[in-house]
Amino acid sequence: MDLNKLPKLTVSATPHIRSKVTTQSIMRDVIIALLPAAVMGIALFGPTAALLIVISVASSVFFEAIYCKLAKKPSTIGDLSAAVTGLLLAMNLPASAPWWVPVVGSFVAIILAKQLFGGIGFNFVNPALAGRAFLMASYPNEMMTYPETRFGVKGILTNIDALSSATPLQQIKQTTEAIVPTSQDYLNAFIGNVGGCLGETCAAALILGGLYLLARKVISWHIPVFYIATVFIATVIINAIGGDSFHRVPVYELLCGGLMLGAFFMATDYTTTPMTNKGKIIFAIGCGFLAAIIRIKGGYPEGVSYSILIMNLFVPLIDRFCRQKTFGYVKPVKKKGEVK
C-alpha cells in the first residue's frame, strides 16, 4: 500500500464537529431582531432617539476597540457583540437623555462589566444592564424623565391625574385607587404610544423580534415564556394577598415597561444565563418573581433590569445544581462489606 496516496489527517483539538453558527452570526440576528423596536422608537420619539442609538452603538464599539488596542489583544469589534451591547443600552434610555449619558453607560458596560472580566464569554452580568443600573444610580433625573410620544397622548390611564411624561407603571405607582385600563390603554401599550424608554414601549415590535430569534433558534423558549408567565402569576397572587391595597391588572403589566425587552433580549444572554433547560426555567422564574415584587412592593416602578442582574449572580449556583451527568457515566455499585 502506497502511504503517500492516503488522505492526510489533520490533528486538532476538540471539538472535532463544529457548527456554522458564529458569534458574529448570532449578534447579527440579535441586531435584526432589535430593528423593529428601534424603528418604532425613532417613529414615536423623533430624531433624538436615532441620535442616542447612533451615539450608544458608536461609543460601545469605540471603547471595545480602544481597550483591545491598549491591552494588546486582537480586536473583537468584528464579532458585533459591542454593537449589540450599545444597541441594547440605547433601548433602555429615555429619548430625552443627554448625549453624554450613552457614552458613560457604554464605558461602564464595555470596560467595567465586560472587558475587565476577560471579554465576551467571561462577564458575570449582562453588560448593557450593568450600564443602565449605573446610570440609574448616578443620574436618576436624566434616566427617569420621559418625553411624550410624537402622537402626544395626554394621559395613558384616563382615570389618573398624572404627568403625561410618566410611564404607565409610574402612574399606577402614584395612585392608591383601583386601576382599570381601557381598550385604548391596551392599544397604546401594545403599539408603544406611552411614556418610557425608547426601545421598550412598543410591545408588538419586541414580540416580533423575539419570535424572529426563536425561529432562528438563537434563543430557546424557556426563559421568555417562564419569565413572562411568572410575572403574570406573581401579580395575580400579590393582588389576592394584598386585597384592595394592591390592584394591578396582570395582562396590562405584561405590556408595560421593559418586560418584553428583558425577557426576549437580555435575560437570554448566553454568558449570563444557565446552560441547561432546567436551569433556564429556574432562572426565569426567579427573574419573574423579583420583577413583580420590585414593581408592586418596591420603591421603583420597574423591576425588570434589577431582577435580571440579581439572578445573573445566581447562575453559577444554578448551573451547579442542574449539572448533567457525564455521558456514559455509570454510578459505582458499593460491594457488600466494602468500606468507602
# chains A, B, ... in the order shown; residues from 1 in each chain; ligands from 1

call {"tool": "closest_atom_pairs", "arguments": {"of": "stretch 63-107 of chain A", "to": "stretch 19-33 of chain A", "cutoff": "7 Å", "atoms": "only C-alpha atoms", "output": "JSON lines"}}
result
{"residue": "A:Asp79", "atom": "CA", "partner": "A:Gln24", "partner_atom": "CA", "distance": 4.3}
{"residue": "A:Leu80", "atom": "CA", "partner": "A:Gln24", "partner_atom": "CA", "distance": 5.7}
{"residue": "A:Ser81", "atom": "CA", "partner": "A:Met27", "partner_atom": "CA", "distance": 6.0}
{"residue": "A:Val84", "atom": "CA", "partner": "A:Ile31", "partner_atom": "CA", "distance": 6.3}

call {"tool": "residues_around", "arguments": {"residues": "A:Ile310", "least_positions_apart": "2", "cutoff": "12 Å", "atoms": "only C-alpha atoms", "output": "CSV table (one decimal) with N, CA and C atoms, in the first residue's frame"}}
result
chain,number,residue,atom,x,y,z
A,124,PHE,N,-19.9,38.3,34.2
A,124,PHE,CA,-20.9,37.6,35.1
A,124,PHE,C,-22.2,38.3,35.1
A,125,VAL,N,-22.4,39.5,34.6
A,125,VAL,CA,-23.7,40.1,34.5
A,125,VAL,C,-23.8,40.7,33.1
A,126,ASN,N,-25.1,40.9,32.7
A,126,ASN,CA,-25.3,41.5,31.4
A,126,ASN,C,-24.7,42.9,31.3
A,129,LEU,N,-27.2,45.9,30.9
A,129,LEU,CA,-27.9,46.1,32.1
A,129,LEU,C,-27.1,46.7,33.2
A,130,ALA,N,-25.8,46.3,33.2
A,130,ALA,CA,-24.9,46.9,34.2
A,130,ALA,C,-24.7,48.4,33.9
A,133,ALA,N,-28.0,50.1,35.0
A,133,ALA,CA,-28.0,50.2,36.5
A,133,ALA,C,-27.1,51.3,37.0
A,267,ALA,N,-32.5,38.7,29.3
A,267,ALA,CA,-32.5,37.6,30.2
A,267,ALA,C,-31.9,36.3,29.4
A,272,THR,N,-24.6,34.9,30.7
A,272,THR,CA,-25.1,35.2,32.0
A,272,THR,C,-26.4,34.4,32.3
A,273,THR,N,-26.6,33.4,31.6
A,273,THR,CA,-27.8,32.5,31.9
A,273,THR,C,-27.4,31.1,32.0
A,283,PHE,N,-34.0,30.0,36.5
A,283,PHE,CA,-33.6,31.4,36.3
A,283,PHE,C,-34.7,32.3,36.0
A,284,ALA,N,-35.5,31.9,35.0
A,284,ALA,CA,-36.6,32.7,34.5
A,284,ALA,C,-37.7,33.0,35.6
A,286,GLY,N,-37.2,33.0,38.8
A,286,GLY,CA,-36.6,33.9,39.8
A,286,GLY,C,-36.7,35.3,39.2
A,287,CYS,N,-36.4,35.5,38.0
A,287,CYS,CA,-36.5,36.9,37.3
A,287,CYS,C,-37.9,37.4,37.4
A,288,GLY,N,-38.8,36.6,37.0
A,288,GLY,CA,-40.2,37.0,37.0
A,288,GLY,C,-40.7,37.4,38.4
A,289,PHE,N,-40.4,36.5,39.4
A,289,PHE,CA,-40.9,36.8,40.8
A,289,PHE,C,-40.3,38.1,41.3
A,290,LEU,N,-39.0,38.3,41.1
A,290,LEU,CA,-38.3,39.5,41.6
A,290,LEU,C,-38.8,40.8,40.9
A,291,ALA,N,-39.1,40.6,39.5
A,291,ALA,CA,-39.6,41.8,38.8
A,291,ALA,C,-41.0,42.2,39.3
A,294,ILE,N,-40.6,43.8,42.9
A,294,ILE,CA,-40.0,45.2,42.8
A,294,ILE,C,-41.0,46.2,42.3
A,303,GLY,N,-39.0,46.8,37.6
A,303,GLY,CA,-38.0,45.9,38.3
A,303,GLY,C,-37.3,44.9,37.4
A,304,VAL,N,-37.5,45.0,36.0
A,304,VAL,CA,-37.0,44.0,35.1
A,304,VAL,C,-35.5,44.0,35.1
A,305,SER,N,-34.8,45.2,35.0
A,305,SER,CA,-33.4,45.2,34.9
A,305,SER,C,-32.7,44.6,36.2
A,306,TYR,N,-33.2,45.0,37.3
A,306,TYR,CA,-32.6,44.6,38.6
A,306,TYR,C,-32.9,43.1,38.8
A,307,SER,N,-34.1,42.6,38.4
A,307,SER,CA,-34.4,41.2,38.5
A,307,SER,C,-33.4,40.3,37.8
A,308,ILE,N,-33.0,40.8,36.5
A,308,ILE,CA,-32.1,40.0,35.7
A,308,ILE,C,-30.7,40.1,36.3
A,312,ASN,N,-28.5,37.0,37.6
A,312,ASN,CA,-27.2,36.7,36.9
A,312,ASN,C,-26.2,36.2,38.0
A,313,LEU,N,-26.3,36.7,39.2
A,313,LEU,CA,-25.3,36.4,40.2
A,313,LEU,C,-25.5,34.9,40.7
A,314,PHE,N,-26.7,34.4,40.5
A,314,PHE,CA,-27.0,33.0,41.0
A,314,PHE,C,-26.8,32.0,39.9
A,315,VAL,N,-26.4,32.4,38.7
A,315,VAL,CA,-26.2,31.5,37.6
A,315,VAL,C,-25.2,30.4,37.9

call {"tool": "select_by_dssp", "arguments": {"residues": "stretch 73-311 of chain A", "states": "alpha helix (DSSP H)", "output": "count of residues only"}}
result
122

call {"tool": "atom_distance", "arguments": {"atom1": "atom CA of A:Gln324", "atom2": "atom CA of A:Asn277"}}
result
10.6 Å

call {"tool": "closest_atom_pairs", "arguments": {"of": "stretch 209-261 of chain A", "to": "stretch 184-198 of chain A", "cutoff": "9 Å", "atoms": "only C-alpha atoms", "output": "CSV"}}
result
residue,atom,partner,partner_atom,distance
A:Val251,CA,A:Tyr186,CA,9.0
A:Tyr252,CA,A:Tyr186,CA,6.8
A:Leu255,CA,A:Ala189,CA,5.9
A:Cys256,CA,A:Ala189,CA,6.1
A:Gly257,CA,A:Gly196,CA,7.0
A:Gly258,CA,A:Cys197,CA,8.2

call {"tool": "closest_residue", "arguments": {"among": "A:Ser60, A:Gln115, A:Ser96, A:Thr230", "to": "A:Pro147", "atoms": "only C-alpha atoms"}}
result
A:Ser96

call {"tool": "closest_residue", "arguments": {"among": "A:Cys322, A:Ala113, A:Met144, A:Ala71", "to": "A:Met275", "atoms": "only C-alpha atoms"}}
result
A:Cys322

call {"tool": "atom_distance", "arguments": {"atom1": "atom CA of A:Ala234", "atom2": "atom CA of A:His247"}}
result
12.5 Å

call {"tool": "atom_distance", "arguments": {"atom1": "atom CA of A:Ser220", "atom2": "atom CA of A:Met266"}}
result
12.9 Å

call {"tool": "residues_around", "arguments": {"residues": "A:Ser138", "least_positions_apart": "5", "cutoff": "12 Å", "atoms": "only C-alpha atoms", "output": "ChimeraX atom specification"}}
result
/A:101,104-105,108,131-133,143-144

call {"tool": "residues_around", "arguments": {"residues": "A:Val39", "least_positions_apart": "5", "cutoff": "9 Å", "atoms": "only C-alpha atoms", "output": "list in words"}}
result
Leu34, Leu44, Ala50, Gly199 and Ala205 of chain A

call {"tool": "write_last_selection", "arguments": {"atoms": "N, CA, C and O atoms", "output": "PDB file, in the first residue's frame"}}
result
ATOM      1  N   LEU A  34     -33.791  43.434  16.880  1.00  0.00           N
ATOM      2  CA  LEU A  34     -34.000  44.685  17.601  1.00  0.00           C
ATOM      3  C   LEU A  34     -34.420  45.838  16.680  1.00  0.00           C
ATOM      4  O   LEU A  34     -34.882  46.879  17.159  1.00  0.00           O
ATOM      5  N   LEU A  44     -41.720  57.046  17.226  1.00  0.00           N
ATOM      6  CA  LEU A  44     -42.513  57.557  18.339  1.00  0.00           C
ATOM      7  C   LEU A  44     -41.893  58.783  18.996  1.00  0.00           C
ATOM      8  O   LEU A  44     -42.608  59.683  19.438  1.00  0.00           O
ATOM      9  N   ALA A  50     -32.967  58.473  17.413  1.00  0.00           N
ATOM     10  CA  ALA A  50     -31.987  57.959  16.453  1.00  0.00           C
ATOM     11  C   ALA A  50     -30.571  58.387  16.829  1.00  0.00           C
ATOM     12  O   ALA A  50     -29.616  57.602  16.735  1.00  0.00           O
ATOM     13  N   GLY A 199     -36.781  52.075  23.496  1.00  0.00           N
ATOM     14  CA  GLY A 199     -36.865  50.762  22.871  1.00  0.00           C
ATOM     15  C   GLY A 199     -37.721  49.757  23.597  1.00  0.00           C
ATOM     16  O   GLY A 199     -37.794  48.598  23.188  1.00  0.00           O
ATOM     17  N   ALA A 205     -43.456  45.335  18.554  1.00  0.00           N
ATOM     18  CA  ALA A 205     -42.160  45.231  17.878  1.00  0.00           C
ATOM     19  C   ALA A 205     -41.223  44.279  18.614  1.00  0.00           C
ATOM     20  O   ALA A 205     -40.466  43.525  17.988  1.00  0.00           O
TER      21      ALA A 205
END

call {"tool": "closest_residue", "arguments": {"among": "A:Asn123, A:Ser183, A:Thr167, A:Gln174", "to": "A:Gly299", "atoms": "only C-alpha atoms"}}
result
A:Gln174

call {"tool": "closest_residue", "arguments": {"among": "A:Ala166, A:Val103, A:Ile223, A:Leu206", "to": "A:Phe63", "atoms": "only C-alpha atoms"}}
result
A:Val103
